[in-house]
Every structure is written in C-alpha cells, then in structure tokens.
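J.: File follows, query_22.cif with mmCIF, N, CA and C atoms:
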data_my_file
#
loop_
_atom_site.label_atom_id
_atom_site.label_comp_id
_atom_site.auth_asym_id
_atom_site.auth_seq_id
_atom_site.Cartn_x
_atom_site.Cartn_y
_atom_site.Cartn_z
N MET A 1 0.83 -1.17 0.00
CA MET A 1 0.00 0.00 0.00
C MET A 1 0.89 1.24 0.00
N TYR A 2 0.54 2.15 -0.88
CA TYR A 2 1.31 3.38 -0.99
C TYR A 2 0.69 4.49 -0.16
N ARG A 3 1.54 5.29 0.41
CA ARG A 3 1.08 6.47 1.13
C ARG A 3 1.37 7.71 0.30
N ARG A 4 0.43 8.59 0.31
CA ARG A 4 0.63 9.84 -0.41
C ARG A 4 1.05 10.91 0.58
N TYR A 5 2.15 11.50 0.32
CA TYR A 5 2.59 12.62 1.14
C TYR A 5 2.29 13.89 0.37
N ARG A 6 1.59 14.74 1.04
CA ARG A 6 1.20 15.99 0.40
C ARG A 6 2.15 17.09 0.83
N THR A 7 2.80 17.69 -0.11
CA THR A 7 3.70 18.80 0.23
C THR A 7 2.88 20.08 0.33
N PRO A 8 3.17 20.91 1.31
CA PRO A 8 2.40 22.14 1.47
C PRO A 8 2.62 23.08 0.28
N SER A 9 1.56 23.73 -0.09
CA SER A 9 1.64 24.68 -1.18
C SER A 9 2.55 25.83 -0.77
N VAL A 10 3.40 26.25 -1.66
CA VAL A 10 4.30 27.36 -1.38
C VAL A 10 3.49 28.61 -1.08
N TRP A 11 2.41 28.84 -1.80
CA TRP A 11 1.61 30.04 -1.60
C TRP A 11 0.87 30.01 -0.26
N ARG A 12 0.41 28.85 0.12
CA ARG A 12 -0.26 28.72 1.41
C ARG A 12 0.74 28.98 2.55
N GLU A 13 1.94 28.48 2.38
CA GLU A 13 2.97 28.70 3.39
C GLU A 13 3.38 30.18 3.46
N MET A 14 3.47 30.85 2.32
CA MET A 14 3.79 32.28 2.30
C MET A 14 2.69 33.08 2.98
N ASP A 15 1.45 32.72 2.75
CA ASP A 15 0.32 33.40 3.39
C ASP A 15 0.37 33.22 4.91
N ARG A 16 0.65 32.01 5.36
CA ARG A 16 0.77 31.74 6.79
C ARG A 16 1.90 32.55 7.40
N LEU A 17 3.02 32.63 6.71
CA LEU A 17 4.17 33.39 7.19
C LEU A 17 3.83 34.87 7.30
N GLN A 18 3.12 35.41 6.33
CA GLN A 18 2.73 36.81 6.37
C GLN A 18 1.80 37.08 7.55
N ARG A 19 0.82 36.21 7.80
CA ARG A 19 -0.08 36.38 8.94
C ARG A 19 0.69 36.37 10.25
N GLU A 20 1.64 35.47 10.37
CA GLU A 20 2.45 35.39 11.59
C GLU A 20 3.30 36.65 11.78
N MET A 21 3.86 37.16 10.71
CA MET A 21 4.67 38.39 10.81
C MET A 21 3.79 39.58 11.19
N ASN A 22 2.62 39.68 10.61
CA ASN A 22 1.70 40.76 10.97
C ASN A 22 1.31 40.68 12.44
N ARG A 23 1.03 39.48 12.92
CA ARG A 23 0.68 39.30 14.32
C ARG A 23 1.85 39.68 15.22
N LEU A 24 3.04 39.27 14.84
CA LEU A 24 4.23 39.57 15.64
C LEU A 24 4.46 41.08 15.73
N PHE A 25 4.41 41.78 14.59
CA PHE A 25 4.66 43.22 14.60
C PHE A 25 3.56 44.00 15.30
N SER A 26 2.31 43.57 15.16
CA SER A 26 1.23 44.31 15.81
C SER A 26 1.28 44.15 17.32
N SER A 27 1.79 43.04 17.81
CA SER A 27 1.87 42.85 19.26
C SER A 27 2.96 43.69 19.89
N TYR A 28 3.94 44.16 19.12
CA TYR A 28 5.03 44.97 19.66
C TYR A 28 4.85 46.47 19.42
N THR A 29 3.77 46.87 18.78
CA THR A 29 3.51 48.29 18.59
C THR A 29 3.03 48.87 19.91
N PRO A 30 3.69 49.90 20.42
CA PRO A 30 3.24 50.49 21.69
C PRO A 30 1.81 51.01 21.57
N SER A 31 1.04 50.84 22.64
CA SER A 31 -0.36 51.23 22.61
C SER A 31 -0.52 52.73 22.39
N ARG A 32 0.46 53.54 22.80
CA ARG A 32 0.34 54.98 22.60
C ARG A 32 0.44 55.36 21.13
N LEU A 33 1.01 54.48 20.30
CA LEU A 33 1.12 54.76 18.87
C LEU A 33 -0.08 54.24 18.07
N ARG A 34 -0.88 53.39 18.70
CA ARG A 34 -2.06 52.87 18.02
C ARG A 34 -3.16 53.91 18.10
N SER A 35 -3.89 54.07 17.03
CA SER A 35 -5.02 55.00 17.06
C SER A 35 -6.30 54.22 16.80
N ALA A 36 -7.37 54.76 17.33
CA ALA A 36 -8.66 54.12 17.11
C ALA A 36 -9.00 54.25 15.63
N PRO A 37 -9.27 53.15 14.95
CA PRO A 37 -9.57 53.25 13.52
C PRO A 37 -10.90 53.95 13.30
N GLY A 38 -10.85 54.95 12.49
CA GLY A 38 -12.08 55.62 12.10
C GLY A 38 -12.77 56.36 13.21
N TYR A 39 -12.06 57.16 13.98
CA TYR A 39 -12.72 57.98 14.99
C TYR A 39 -12.85 59.38 14.44
N PRO A 40 -13.96 59.98 14.53
CA PRO A 40 -15.21 59.49 15.11
C PRO A 40 -15.96 58.57 14.15
N ALA A 41 -16.77 57.68 14.73
CA ALA A 41 -17.60 56.79 13.91
C ALA A 41 -18.64 57.63 13.17
N LEU A 42 -18.83 57.35 11.88
CA LEU A 42 -19.73 58.15 11.05
C LEU A 42 -20.86 57.32 10.47
N ASN A 43 -22.00 57.96 10.31
CA ASN A 43 -23.09 57.46 9.47
C ASN A 43 -23.29 58.51 8.39
N ILE A 44 -23.40 58.08 7.15
CA ILE A 44 -23.56 59.00 6.03
C ILE A 44 -24.71 58.51 5.17
N TRP A 45 -25.64 59.40 4.85
CA TRP A 45 -26.72 59.05 3.95
C TRP A 45 -27.05 60.26 3.11
N GLU A 46 -27.75 60.02 2.02
CA GLU A 46 -28.07 61.12 1.12
C GLU A 46 -29.43 60.91 0.47
N ASN A 47 -29.97 62.00 -0.04
CA ASN A 47 -31.16 61.95 -0.87
C ASN A 47 -30.89 62.86 -2.08
N GLU A 48 -31.90 63.22 -2.81
CA GLU A 48 -31.68 64.02 -4.02
C GLU A 48 -31.20 65.43 -3.71
N ASP A 49 -31.53 65.94 -2.51
CA ASP A 49 -31.23 67.33 -2.17
C ASP A 49 -29.96 67.53 -1.35
N SER A 50 -29.59 66.56 -0.53
CA SER A 50 -28.46 66.79 0.37
C SER A 50 -27.86 65.48 0.86
N GLN A 51 -26.73 65.64 1.52
CA GLN A 51 -26.07 64.52 2.16
C GLN A 51 -26.01 64.85 3.66
N MET A 52 -26.25 63.84 4.48
CA MET A 52 -26.22 64.01 5.94
C MET A 52 -25.08 63.17 6.50
N VAL A 53 -24.35 63.76 7.43
CA VAL A 53 -23.27 63.06 8.11
C VAL A 53 -23.52 63.20 9.60
N SER A 54 -23.52 62.09 10.32
CA SER A 54 -23.60 62.15 11.78
C SER A 54 -22.38 61.45 12.35
N ALA A 55 -21.81 62.05 13.38
CA ALA A 55 -20.58 61.53 13.99
C ALA A 55 -20.77 61.42 15.49
N GLU A 56 -20.36 60.28 16.03
CA GLU A 56 -20.42 60.07 17.48
C GLU A 56 -19.15 60.63 18.11
N MET A 57 -19.32 61.58 19.03
CA MET A 57 -18.17 62.18 19.70
C MET A 57 -18.45 62.40 21.18
N PRO A 58 -18.63 61.33 21.95
CA PRO A 58 -18.89 61.52 23.37
C PRO A 58 -17.67 62.11 24.07
N GLY A 59 -17.94 63.03 24.98
CA GLY A 59 -16.86 63.63 25.75
C GLY A 59 -16.13 64.75 25.06
N VAL A 60 -16.53 65.10 23.84
CA VAL A 60 -15.89 66.20 23.10
C VAL A 60 -16.73 67.45 23.30
N GLN A 61 -16.06 68.55 23.55
CA GLN A 61 -16.75 69.83 23.70
C GLN A 61 -16.93 70.48 22.33
N ILE A 62 -18.02 71.21 22.16
CA ILE A 62 -18.33 71.82 20.87
C ILE A 62 -17.24 72.77 20.40
N GLU A 63 -16.58 73.45 21.33
CA GLU A 63 -15.52 74.38 20.94
C GLU A 63 -14.24 73.68 20.50
N ASP A 64 -14.15 72.36 20.70
CA ASP A 64 -12.99 71.58 20.29
C ASP A 64 -13.17 70.89 18.94
N ILE A 65 -14.25 71.22 18.22
CA ILE A 65 -14.55 70.58 16.94
C ILE A 65 -14.37 71.59 15.81
N ASP A 66 -13.69 71.16 14.74
CA ASP A 66 -13.54 71.97 13.53
C ASP A 66 -14.11 71.19 12.35
N ILE A 67 -14.91 71.87 11.53
CA ILE A 67 -15.49 71.26 10.34
C ILE A 67 -15.09 72.12 9.16
N THR A 68 -14.51 71.51 8.13
CA THR A 68 -14.15 72.25 6.92
C THR A 68 -14.57 71.46 5.69
N VAL A 69 -14.93 72.19 4.66
CA VAL A 69 -15.20 71.60 3.36
C VAL A 69 -14.29 72.31 2.38
N GLU A 70 -13.43 71.52 1.75
CA GLU A 70 -12.50 72.08 0.78
C GLU A 70 -12.58 71.21 -0.47
N GLY A 71 -13.02 71.82 -1.57
CA GLY A 71 -13.22 71.05 -2.80
C GLY A 71 -14.29 70.01 -2.57
N ASP A 72 -13.94 68.74 -2.77
CA ASP A 72 -14.91 67.66 -2.58
C ASP A 72 -14.63 66.85 -1.31
N THR A 73 -13.98 67.48 -0.32
CA THR A 73 -13.61 66.77 0.90
C THR A 73 -14.16 67.47 2.14
N LEU A 74 -14.84 66.69 2.97
CA LEU A 74 -15.32 67.15 4.27
C LEU A 74 -14.33 66.63 5.31
N THR A 75 -13.87 67.53 6.18
CA THR A 75 -12.93 67.15 7.23
C THR A 75 -13.50 67.54 8.58
N ILE A 76 -13.53 66.57 9.48
CA ILE A 76 -13.95 66.80 10.86
C ILE A 76 -12.71 66.55 11.72
N SER A 77 -12.31 67.56 12.48
CA SER A 77 -11.13 67.41 13.32
C SER A 77 -11.42 68.01 14.69
N GLY A 78 -10.57 67.70 15.63
CA GLY A 78 -10.74 68.25 16.96
C GLY A 78 -9.88 67.54 17.97
N GLU A 79 -10.28 67.68 19.21
CA GLU A 79 -9.51 67.07 20.29
C GLU A 79 -10.46 66.63 21.40
N ARG A 80 -10.20 65.44 21.92
CA ARG A 80 -10.95 64.94 23.06
C ARG A 80 -9.99 64.90 24.24
N SER A 81 -10.34 65.61 25.30
CA SER A 81 -9.44 65.68 26.46
C SER A 81 -9.60 64.42 27.31
N SER A 82 -8.53 64.11 28.05
CA SER A 82 -8.56 62.92 28.90
C SER A 82 -9.21 63.26 30.23
N ASP A 83 -9.66 62.23 30.90
CA ASP A 83 -10.28 62.40 32.22
C ASP A 83 -9.23 62.80 33.24
N ASP A 84 -9.58 63.71 34.13
CA ASP A 84 -8.68 64.08 35.21
C ASP A 84 -8.86 63.09 36.36
N LEU A 85 -7.75 62.47 36.75
CA LEU A 85 -7.80 61.50 37.84
C LEU A 85 -7.57 62.22 39.17
N PRO A 86 -8.24 61.77 40.21
CA PRO A 86 -7.99 62.33 41.54
C PRO A 86 -6.55 62.02 41.98
N GLU A 87 -6.07 62.77 42.94
CA GLU A 87 -4.72 62.59 43.47
C GLU A 87 -4.54 61.16 43.96
N GLY A 88 -3.46 60.51 43.52
CA GLY A 88 -3.13 59.17 43.97
C GLY A 88 -3.85 58.05 43.23
N ALA A 89 -4.77 58.39 42.32
CA ALA A 89 -5.51 57.37 41.57
C ALA A 89 -4.72 56.95 40.33
N ARG A 90 -4.96 55.77 39.87
CA ARG A 90 -4.36 55.30 38.62
C ARG A 90 -5.38 54.45 37.88
N TYR A 91 -5.18 54.33 36.61
CA TYR A 91 -6.13 53.57 35.79
C TYR A 91 -6.00 52.08 36.06
N HIS A 92 -7.13 51.43 36.16
CA HIS A 92 -7.18 49.97 36.19
C HIS A 92 -7.34 49.47 34.76
N ARG A 93 -8.16 50.19 34.00
CA ARG A 93 -8.38 49.89 32.59
C ARG A 93 -8.67 51.20 31.89
N ARG A 94 -8.08 51.40 30.73
CA ARG A 94 -8.30 52.63 29.98
C ARG A 94 -8.54 52.27 28.53
N GLU A 95 -9.79 52.39 28.09
CA GLU A 95 -10.16 52.03 26.72
C GLU A 95 -10.57 53.24 25.89
N ARG A 96 -10.92 54.34 26.54
CA ARG A 96 -11.32 55.54 25.81
C ARG A 96 -10.09 56.37 25.50
N ALA A 97 -9.81 56.52 24.22
CA ALA A 97 -8.64 57.27 23.79
C ALA A 97 -8.90 58.76 23.93
N ALA A 98 -7.83 59.50 24.14
CA ALA A 98 -7.91 60.95 24.22
C ALA A 98 -6.86 61.51 23.27
N GLY A 99 -7.04 62.76 22.88
CA GLY A 99 -6.09 63.40 22.00
C GLY A 99 -6.76 63.96 20.76
N GLU A 100 -5.93 64.32 19.80
CA GLU A 100 -6.44 64.91 18.56
C GLU A 100 -6.99 63.83 17.64
N PHE A 101 -7.98 64.21 16.84
CA PHE A 101 -8.54 63.31 15.84
C PHE A 101 -8.78 64.08 14.56
N LEU A 102 -8.84 63.37 13.46
CA LEU A 102 -9.10 63.96 12.15
C LEU A 102 -9.74 62.88 11.29
N ARG A 103 -10.84 63.22 10.66
CA ARG A 103 -11.53 62.28 9.78
C ARG A 103 -11.95 63.03 8.53
N SER A 104 -11.55 62.54 7.37
CA SER A 104 -11.90 63.17 6.10
C SER A 104 -12.67 62.19 5.25
N ILE A 105 -13.69 62.70 4.57
CA ILE A 105 -14.46 61.87 3.64
C ILE A 105 -14.60 62.63 2.34
N ARG A 106 -14.62 61.90 1.27
CA ARG A 106 -14.79 62.50 -0.05
C ARG A 106 -16.28 62.59 -0.35
N LEU A 107 -16.71 63.77 -0.77
CA LEU A 107 -18.11 63.99 -1.07
C LEU A 107 -18.41 63.57 -2.51
N PRO A 108 -19.56 62.98 -2.75
CA PRO A 108 -19.86 62.48 -4.10
C PRO A 108 -20.24 63.58 -5.09
N TYR A 109 -20.52 64.78 -4.59
CA TYR A 109 -20.90 65.88 -5.48
C TYR A 109 -20.55 67.20 -4.82
N ALA A 110 -20.61 68.27 -5.60
CA ALA A 110 -20.34 69.61 -5.07
C ALA A 110 -21.48 70.02 -4.15
N VAL A 111 -21.13 70.71 -3.07
CA VAL A 111 -22.14 71.13 -2.11
C VAL A 111 -22.29 72.65 -2.14
N ASP A 112 -23.45 73.11 -1.69
CA ASP A 112 -23.74 74.54 -1.57
C ASP A 112 -23.09 75.01 -0.27
N LEU A 113 -21.91 75.62 -0.36
CA LEU A 113 -21.12 75.99 0.81
C LEU A 113 -21.83 76.99 1.71
N GLU A 114 -22.69 77.82 1.16
CA GLU A 114 -23.37 78.85 1.94
C GLU A 114 -24.47 78.28 2.83
N ASN A 115 -24.96 77.10 2.54
CA ASN A 115 -26.11 76.55 3.28
C ASN A 115 -25.79 75.29 4.08
N ILE A 116 -24.52 75.02 4.33
CA ILE A 116 -24.15 73.87 5.17
C ILE A 116 -24.57 74.19 6.60
N LYS A 117 -25.20 73.22 7.25
CA LYS A 117 -25.64 73.40 8.63
C LYS A 117 -25.08 72.28 9.49
N ALA A 118 -24.66 72.62 10.71
CA ALA A 118 -24.14 71.63 11.65
C ALA A 118 -24.78 71.85 13.01
N SER A 119 -25.08 70.75 13.70
CA SER A 119 -25.61 70.83 15.05
C SER A 119 -24.91 69.77 15.90
N PHE A 120 -24.88 70.02 17.21
CA PHE A 120 -24.21 69.10 18.14
C PHE A 120 -25.08 68.94 19.36
N SER A 121 -25.50 67.71 19.62
CA SER A 121 -26.38 67.45 20.76
C SER A 121 -26.11 66.05 21.30
N ASP A 122 -25.95 65.95 22.60
CA ASP A 122 -25.75 64.66 23.28
C ASP A 122 -24.60 63.86 22.69
N GLY A 123 -23.52 64.52 22.31
CA GLY A 123 -22.34 63.83 21.78
C GLY A 123 -22.46 63.41 20.33
N ILE A 124 -23.52 63.84 19.63
CA ILE A 124 -23.70 63.50 18.22
C ILE A 124 -23.62 64.78 17.39
N LEU A 125 -22.66 64.82 16.48
CA LEU A 125 -22.52 65.92 15.53
C LEU A 125 -23.28 65.55 14.26
N THR A 126 -24.17 66.44 13.81
CA THR A 126 -24.93 66.21 12.58
C THR A 126 -24.63 67.34 11.61
N ILE A 127 -24.23 66.98 10.39
CA ILE A 127 -23.90 67.96 9.37
C ILE A 127 -24.79 67.72 8.16
N ARG A 128 -25.46 68.79 7.70
CA ARG A 128 -26.29 68.71 6.49
C ARG A 128 -25.55 69.45 5.39
N LEU A 129 -25.25 68.72 4.31
CA LEU A 129 -24.50 69.26 3.18
C LEU A 129 -25.42 69.30 1.96
N PRO A 130 -26.07 70.46 1.70
CA PRO A 130 -26.99 70.51 0.57
C PRO A 130 -26.24 70.46 -0.77
N ARG A 131 -26.84 69.78 -1.68
CA ARG A 131 -26.26 69.64 -3.02
C ARG A 131 -26.36 70.98 -3.75
N ALA A 132 -25.30 71.35 -4.44
CA ALA A 132 -25.31 72.58 -5.23
C ALA A 132 -26.34 72.45 -6.35
N GLU A 133 -26.98 73.57 -6.70
CA GLU A 133 -28.02 73.55 -7.74
C GLU A 133 -27.52 72.93 -9.04
N ALA A 134 -26.28 73.26 -9.41
CA ALA A 134 -25.73 72.73 -10.66
C ALA A 134 -25.55 71.22 -10.62
N GLU A 135 -25.48 70.64 -9.44
CA GLU A 135 -25.27 69.20 -9.28
C GLU A 135 -26.55 68.40 -9.16
N LYS A 136 -27.67 69.09 -8.94
CA LYS A 136 -28.93 68.37 -8.77
C LYS A 136 -29.36 67.75 -10.10
N PRO A 137 -29.93 66.54 -10.05
CA PRO A 137 -30.39 65.92 -11.29
C PRO A 137 -31.53 66.72 -11.91
N LYS A 138 -31.50 66.86 -13.20
CA LYS A 138 -32.53 67.59 -13.93
C LYS A 138 -33.36 66.62 -14.74
N LYS A 139 -34.68 66.79 -14.68
CA LYS A 139 -35.57 65.98 -15.49
C LYS A 139 -35.71 66.67 -16.84
N ILE A 140 -35.50 65.92 -17.88
CA ILE A 140 -35.58 66.46 -19.23
C ILE A 140 -36.80 65.87 -19.91
N SER A 141 -37.65 66.75 -20.37
CA SER A 141 -38.86 66.28 -21.06
C SER A 141 -38.56 66.09 -22.54
N ILE A 142 -39.24 65.13 -23.11
CA ILE A 142 -39.06 64.82 -24.52
C ILE A 142 -40.22 65.43 -25.29
N LYS A 143 -39.89 66.20 -26.31
CA LYS A 143 -40.93 66.82 -27.14
C LYS A 143 -41.09 66.03 -28.41
N ILE A 144 -42.32 65.94 -28.84
CA ILE A 144 -42.62 65.20 -30.05
C ILE A 144 -42.78 66.15 -31.21
#
Here is the file; what I need is its structure written in the form of structure tokens.

T.:
Amino acid sequence: MYRRYRTPSVWREMDRLQREMNRLFSSYTPSRLRSAPGYPALNIWENEDSQMVSAEMPGVQIEDIDITVEGDTLTISGERSSDDLPEGARYHRRERAAGEFLRSIRLPYAVDLENIKASFSDGILTIRLPRAEAEKPKKISIKI
C-alpha cells in the first residue's frame, strides 16, 4: 500500500508566514502609537437634495470641533481631552482614547457651501451638506 505525502503549497505557506509576521509586529507596537480606527464613527446618507453626516463624539466639547469643506472633501477634526484623575488614583483599565482626531471623507458631489448646517447634541454631531443647484439631477422632457 502506498502512502501519499502531500507537500504544502508554497503560496499557502507564504500566506501563513505573512499572517504570523503581521501578528508579531502588531503585538510589539506600543499602545500609545495605536489610534482608534475611524474615529469618530460616522453614518452618512443622502437623498436628491443633500447629504447628511452624523458623527459620534462623546466627551468632546463643541468648541474643540472643527469642520471644513474644501473642494470635494469634508474634514472633521478636533480634540478629546482625557479624564482628570484624583490625586493618587491610577487607571485599572483605559479604553477611551484621548487626543487629537481627524476624519476626512470624499463627497460624491459639489455642495452649496453657503447653506451647510451643523448641530451638536448629546455627543452627536450632525452635518447637512446641501447639493449645489448645478449638481442636482434635472428631469428632461421629450418633445414630439
């Protein structure tokens, strides 16, 4: 009776090696250099007239938020301050990051810069970006 020995695929072995290297390097990155991916978390939706962006920013003060629209890019930036600990206290667990943040998204169309509105309530920033008149879809009638 013959036994079949299966040699591992070179590509499968290279993939395994890459995963191991990624795991090794990510475990040695200091936590202070890691940033929360995609902060603040965004929801974006649109209709024919405008695009709406809502961002979760608990613990951020309204005066620490900057919103800019330049060309086709919306940028939300700011800073979230860290909690002040009482004298002699130390963290047991710290999961909420503090510091500066910046989030940019590309807008799908030109916006009416004069009519952008933003509001901030209960840690939720809401931005309404109205579509520029030239960008709105036009219905074209067919004449016979």

J.: Could you pull out the helix (DSSP H, G or I) residues of chain A, going by DSSP on the backbone, and write them as a VMD selection string?

T.: chain A and resid 10 to 27 31 to 33 62 to 64 113 to 115 133 to 135

J.: Which residues come within 6.5 Å of Ser81 (chain A), counting only N, CA and C atoms, excluding same-chain residues fewer than 6 positions away, as a list in words?

T.: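 Once the nearby chain positions are removed, what remains is Gly59, Val60, Ala98 and Gly99 of chain A.
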
J.: Box time for region 52-62 of chain A: axis-aligned, enclosing all its listed atoms, 4 Å extra on each side; report centre and edge lengths in Å to one decimal, as lines of an AutoDock Vina configuration file.

T.:
center_x = -21.1
center_y = 66.4
center_z = 15.1
size_x = 18.4
size_y = 20.7
size_z = 29.3

J.: Determine the nearest neighbour of Tyr109 (chain A) from the options A:Glu135, A:Asp49, A:Asp15, A:Asp66, counting only C-alpha atoms.

T.: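 Smallest distance to Tyr109 (chain A) is found for A:Glu135.
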
J.: Tell me which of A:Ala97, A:Ala110, A:Ile105, A:Ile127 sits closest to Leu74 (chain A), counting all atoms listed in the file.

T.: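 Ranked by minimum distance to Leu74 (chain A), first place goes to A:Ile105.
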